[in-house]
$ cat input_21.cif   # mmCIF, C-alpha atoms
data_upload
loop_
_atom_site.group_PDB
_atom_site.id
_atom_site.type_symbol
_atom_site.label_atom_id
_atom_site.label_comp_id
_atom_site.auth_asym_id
_atom_site.auth_seq_id
_atom_site.Cartn_x
_atom_site.Cartn_y
_atom_site.Cartn_z
ATOM 1 C CA PRO T 23 -18.769 4.840 -8.385
ATOM 2 C CA ASN T 24 -16.182 6.092 -5.940
ATOM 3 C CA ALA T 25 -13.352 3.614 -5.348
ATOM 4 C CA ASN T 26 -12.910 4.943 -1.814
ATOM 5 C CA TYR T 27 -16.169 3.235 -0.849
ATOM 6 C CA VAL T 28 -15.128 -0.249 -1.976
ATOM 7 C CA THR T 29 -11.414 -0.448 -1.200
ATOM 8 C CA LEU T 30 -9.108 -0.775 1.777
ATOM 9 C CA HIS T 31 -6.634 2.072 1.895
ATOM 10 C CA ILE T 32 -3.778 3.525 3.885
ATOM 11 C CA GLU T 33 -2.739 7.162 3.901
ATOM 12 C CA LEU T 34 0.873 8.108 4.536
ATOM 13 C CA ILE T 35 1.475 11.665 5.686
ATOM 14 C CA ALA T 36 3.940 13.648 3.599
ATOM 15 C CA PRO T 37 4.749 17.334 3.132
ATOM 16 C CA LYS T 38 2.706 19.305 0.596
ATOM 17 C CA ALA T 39 3.971 19.663 -2.965
ATOM 18 C CA PRO T 40 6.378 20.770 -4.248
ATOM 19 C CA ALA T 41 8.344 19.287 -1.317
ATOM 20 C CA LYS T 42 9.550 15.728 -1.915
ATOM 21 C CA PRO T 43 7.667 13.269 0.331
ATOM 22 C CA ASP T 44 10.636 11.063 1.348
ATOM 23 C CA TYR T 45 8.538 8.312 2.889
ATOM 24 C CA THR T 46 10.477 6.801 5.769
ATOM 25 C CA ASP T 47 11.245 3.139 6.211
ATOM 26 C CA ALA T 48 9.132 3.272 9.384
ATOM 27 C CA GLN T 49 6.124 4.486 7.339
ATOM 28 C CA LEU T 50 6.684 1.833 4.663
ATOM 29 C CA SER T 51 7.147 -0.875 7.269
ATOM 30 C CA ALA T 52 3.952 0.009 9.143
ATOM 31 C CA ALA T 53 1.951 0.201 5.915
ATOM 32 C CA ALA T 54 3.407 -3.087 4.659
ATOM 33 C CA LYS T 55 2.455 -4.864 7.893
ATOM 34 C CA MET T 56 -1.128 -3.652 7.520
ATOM 35 C CA VAL T 57 -1.243 -4.706 3.868
ATOM 36 C CA VAL T 58 0.076 -8.180 4.696
ATOM 37 C CA PHE T 59 -2.573 -8.524 7.389
ATOM 38 C CA TRP T 60 -5.283 -7.571 4.876
ATOM 39 C CA MET T 61 -3.823 -9.900 2.241
ATOM 40 C CA GLU T 62 -4.041 -12.814 4.643
ATOM 41 C CA GLN T 63 -7.362 -11.813 6.234
ATOM 42 C CA TYR T 64 -9.223 -11.192 2.966
ATOM 43 C CA GLY T 65 -7.261 -13.308 0.464
ATOM 44 C CA ILE T 66 -5.991 -10.307 -1.488
ATOM 45 C CA PRO T 67 -3.306 -11.214 -4.037
ATOM 46 C CA LEU T 68 -0.226 -8.986 -4.281
ATOM 47 C CA GLU T 69 -1.146 -7.823 -7.784
ATOM 48 C CA ARG T 70 -4.259 -6.179 -6.291
ATOM 49 C CA VAL T 71 -2.126 -4.000 -3.991
ATOM 50 C CA VAL T 72 -2.093 -0.765 -5.988
ATOM 51 C CA CYS T 73 -1.802 2.999 -5.604
ATOM 52 C CA HIS T 74 -4.630 5.521 -5.499
ATOM 53 C CA LYS T 75 -3.789 6.770 -8.989
ATOM 54 C CA ASP T 76 -4.039 3.186 -10.320
ATOM 55 C CA ILE T 77 -7.734 2.903 -9.453
ATOM 56 C CA ASP T 78 -8.878 6.430 -10.281
ATOM 57 C CA TRP T 79 -11.504 5.829 -12.938
ATOM 58 C CA TYR T 80 -11.556 9.525 -13.826
ATOM 59 C CA GLY T 81 -7.788 9.953 -14.255
ATOM 60 C CA ARG T 82 -7.541 12.902 -11.873
ATOM 61 C CA ARG T 83 -5.336 11.385 -9.157
ATOM 62 C CA THR T 84 -1.561 11.505 -9.197
ATOM 63 C CA ASP T 85 -0.954 10.379 -5.644
ATOM 64 C CA PRO T 86 1.072 9.197 -4.043
ATOM 65 C CA ARG T 87 3.765 11.579 -5.272
ATOM 66 C CA ASP T 88 7.246 10.156 -5.837
ATOM 67 C CA TRP T 89 6.083 6.714 -4.721
ATOM 68 C CA ASP T 90 8.494 3.809 -5.188
ATOM 69 C CA HIS T 91 6.004 0.959 -5.495
ATOM 70 C CA GLY T 92 8.800 -1.574 -6.032
ATOM 71 C CA LYS T 93 10.381 -0.630 -2.695
ATOM 72 C CA PHE T 94 7.014 -0.905 -0.961
ATOM 73 C CA VAL T 95 6.373 -4.326 -2.502
ATOM 74 C CA ARG T 96 9.768 -5.482 -1.204
ATOM 75 C CA PHE T 97 8.648 -4.489 2.316
ATOM 76 C CA VAL T 98 5.375 -6.386 1.812
ATOM 77 C CA LEU T 99 7.153 -9.485 0.536
ATOM 78 C CA GLY T 100 9.594 -9.378 3.438
ATOM 79 C CA PHE T 101 6.774 -9.446 5.989
ATOM 80 C CA PHE T 102 4.754 -11.965 4.013
ATOM 81 C CA ARG T 103 7.719 -14.358 3.841
ATOM 82 C CA SER T 104 8.496 -13.989 7.526
ATOM 83 C CA ILE T 105 4.884 -14.803 8.406
ATOM 84 C CA ALA T 106 4.894 -17.791 6.048
ATOM 85 C CA LEU T 107 8.145 -19.111 7.529
ATOM 86 C CA TRP T 108 6.850 -18.585 11.074
ATOM 87 C CA ALA T 109 3.745 -20.609 10.247
ATOM 88 C CA LEU T 110 5.945 -23.553 9.251
ATOM 89 C CA LEU T 111 7.620 -23.734 12.676
#
$ encode --input "input_21.cif" --output "structure tokens"
Amino acid sequence: PNANYVTLHIELIAPKAPAKPDYTDAQLSAAAKMVVFWMEQYGIPLERVVCHKDIDWYGRRTDPRDWDHGKFVRFVLGFFRSIALWALL
């Protein structure tokens, strides 16, 4: 089966290899907001937020290139916490 048919996904535009992608904070922020929305809407736990290469059953994907998943998760957690705190007010 093709994972693209059964997953939610976001594509960030970056220059073609061999250029370094240098994802901007604006890109990470926008993607993190969408992921937090999906997490809340569909009950997706953070550990299920993965990269394309992590769900490629055939082992052919290497994208996203030069991806700092830890940095992205920090963006997600920042938005998730702010939503959770807002809900308490």
$ atom_distance --input "input_21.cif" --atom1 "atom CA of T:Ala36" --atom2 "atom CA of T:Leu50"
12.2 Å
$ resolve_selection --input "input_21.cif" --expression "the PyMOL selection byres ((chain T and resi 71-87) around 12)" --output "NGL selection string"
:T and (23-26 or 28-45 or 53-54 or 56-58 or 60-61 or 65-70 or 88-92 or 94-95 or 98-99)
$ atom_distance --input "input_21.cif" --atom1 "atom CA of T:Gln49" --atom2 "atom CA of T:Arg103"
19.2 Å
$ residues_around --input "input_21.cif" --residues "T:Lys55" --least-positions-apart "4" --cutoff "7 Å" --atoms "only C-alpha atoms" --output "count of residues only"
4
$ axis_aligned_box --input "input_21.cif" --around "stretch 77-95 of chain T" --padding-each-side "5 Å" --output "lines of an AutoDock Vina configuration file"
center_x = -0.6
center_y = 4.3
center_z = -7.6
size_x = 31.9
size_y = 27.2
size_z = 23.3
$ decode --input "input_21.cif" --residues "chain T" --atoms "C-alpha atoms" --output "mmCIF file, in the first residue's frame"
data_model
loop_
_atom_site.group_PDB
_atom_site.id
_atom_site.type_symbol
_atom_site.label_atom_id
_atom_site.label_comp_id
_atom_site.auth_asym_id
_atom_site.auth_seq_id
_atom_site.Cartn_x
_atom_site.Cartn_y
_atom_site.Cartn_z
ATOM 1 C CA PRO T 23 0.000 0.000 0.000
ATOM 2 C CA ASN T 24 1.008 3.595 -0.554
ATOM 3 C CA ALA T 25 1.309 5.585 2.679
ATOM 4 C CA ASN T 26 0.331 8.759 0.829
ATOM 5 C CA TYR T 27 -3.230 7.439 0.608
ATOM 6 C CA VAL T 28 -3.680 6.912 4.351
ATOM 7 C CA THR T 29 -1.740 9.749 5.969
ATOM 8 C CA LEU T 30 -2.010 13.480 6.511
ATOM 9 C CA HIS T 31 1.009 15.273 5.131
ATOM 10 C CA ILE T 32 2.547 18.683 4.638
ATOM 11 C CA GLU T 33 5.068 19.590 1.969
ATOM 12 C CA LEU T 34 7.598 22.338 2.594
ATOM 13 C CA ILE T 35 9.164 23.879 -0.491
ATOM 14 C CA ALA T 36 12.954 23.849 -0.570
ATOM 15 C CA PRO T 37 15.612 24.238 -3.260
ATOM 16 C CA LYS T 38 16.647 21.138 -5.212
ATOM 17 C CA ALA T 39 19.627 19.094 -4.050
ATOM 18 C CA PRO T 40 22.492 19.604 -3.608
ATOM 19 C CA ALA T 41 21.437 23.008 -2.211
ATOM 20 C CA LYS T 42 20.766 22.995 1.535
ATOM 21 C CA PRO T 43 17.036 23.466 2.240
ATOM 22 C CA ASP T 44 17.333 25.898 5.193
ATOM 23 C CA TYR T 45 13.700 25.657 6.233
ATOM 24 C CA THR T 46 12.640 29.003 7.656
ATOM 25 C CA ASP T 47 11.055 29.545 11.031
ATOM 26 C CA ALA T 48 7.973 30.807 9.170
ATOM 27 C CA GLN T 49 7.713 27.460 7.317
ATOM 28 C CA LEU T 50 8.215 25.473 10.528
ATOM 29 C CA SER T 51 5.719 27.623 12.396
ATOM 30 C CA ALA T 52 3.013 27.256 9.742
ATOM 31 C CA ALA T 53 3.556 23.499 9.514
ATOM 32 C CA ALA T 54 3.551 23.133 13.306
ATOM 33 C CA LYS T 55 0.241 25.000 13.586
ATOM 34 C CA MET T 56 -1.322 22.637 11.052
ATOM 35 C CA VAL T 57 0.077 19.585 12.840
ATOM 36 C CA VAL T 58 -1.259 20.780 16.198
ATOM 37 C CA PHE T 59 -4.674 21.302 14.633
ATOM 38 C CA TRP T 60 -4.611 17.743 13.255
ATOM 39 C CA MET T 61 -3.370 16.354 16.576
ATOM 40 C CA GLU T 62 -6.310 17.918 18.371
ATOM 41 C CA GLN T 63 -8.885 17.258 15.634
ATOM 42 C CA TYR T 64 -8.010 13.585 15.110
ATOM 43 C CA GLY T 65 -6.401 12.620 18.436
ATOM 44 C CA ILE T 66 -2.965 12.055 16.917
ATOM 45 C CA PRO T 67 -0.238 11.576 19.537
ATOM 46 C CA LEU T 68 3.070 13.401 19.049
ATOM 47 C CA GLU T 69 4.974 10.148 18.536
ATOM 48 C CA ARG T 70 2.916 9.583 15.363
ATOM 49 C CA VAL T 71 4.170 12.858 13.848
ATOM 50 C CA VAL T 72 6.927 11.529 11.592
ATOM 51 C CA CYS T 73 8.813 12.287 8.388
ATOM 52 C CA HIS T 74 8.152 10.856 4.941
ATOM 53 C CA LYS T 75 11.263 8.679 5.131
ATOM 54 C CA ASP T 76 10.016 7.205 8.440
ATOM 55 C CA ILE T 77 6.940 5.650 6.826
ATOM 56 C CA ASP T 78 8.419 4.564 3.499
ATOM 57 C CA TRP T 79 7.832 0.826 3.531
ATOM 58 C CA TYR T 80 10.156 0.362 0.558
ATOM 59 C CA GLY T 81 13.111 2.321 1.968
ATOM 60 C CA ARG T 82 13.457 4.581 -1.065
ATOM 61 C CA ARG T 83 12.662 7.956 0.523
ATOM 62 C CA THR T 84 15.253 10.206 2.102
ATOM 63 C CA ASP T 85 13.132 13.312 2.431
ATOM 64 C CA PRO T 86 13.000 15.717 3.936
ATOM 65 C CA ARG T 87 16.670 16.538 3.396
ATOM 66 C CA ASP T 88 18.574 18.077 6.304
ATOM 67 C CA TRP T 89 15.446 18.010 8.463
ATOM 68 C CA ASP T 90 15.836 18.875 12.146
ATOM 69 C CA HIS T 91 12.908 16.921 13.571
ATOM 70 C CA GLY T 92 13.781 17.990 17.124
ATOM 71 C CA LYS T 93 13.473 21.665 16.161
ATOM 72 C CA PHE T 94 10.143 20.997 14.463
ATOM 73 C CA VAL T 95 8.833 19.133 17.513
ATOM 74 C CA ARG T 96 9.791 22.122 19.679
ATOM 75 C CA PHE T 97 7.613 24.321 17.431
ATOM 76 C CA VAL T 98 4.756 21.810 17.740
ATOM 77 C CA LEU T 99 5.071 21.635 21.517
ATOM 78 C CA GLY T 100 5.152 25.420 21.765
ATOM 79 C CA PHE T 101 1.840 25.746 19.923
ATOM 80 C CA PHE T 102 0.311 22.773 21.698
ATOM 81 C CA ARG T 103 1.164 24.243 25.112
ATOM 82 C CA SER T 104 -0.159 27.668 24.198
ATOM 83 C CA ILE T 105 -3.455 26.134 23.073
ATOM 84 C CA ALA T 106 -3.663 24.044 26.247
ATOM 85 C CA LEU T 107 -2.985 27.081 28.444
ATOM 86 C CA TRP T 108 -5.529 29.159 26.513
ATOM 87 C CA ALA T 109 -8.161 26.483 27.089
ATOM 88 C CA LEU T 110 -7.641 26.797 30.848
ATOM 89 C CA LEU T 111 -8.504 30.516 30.870
#
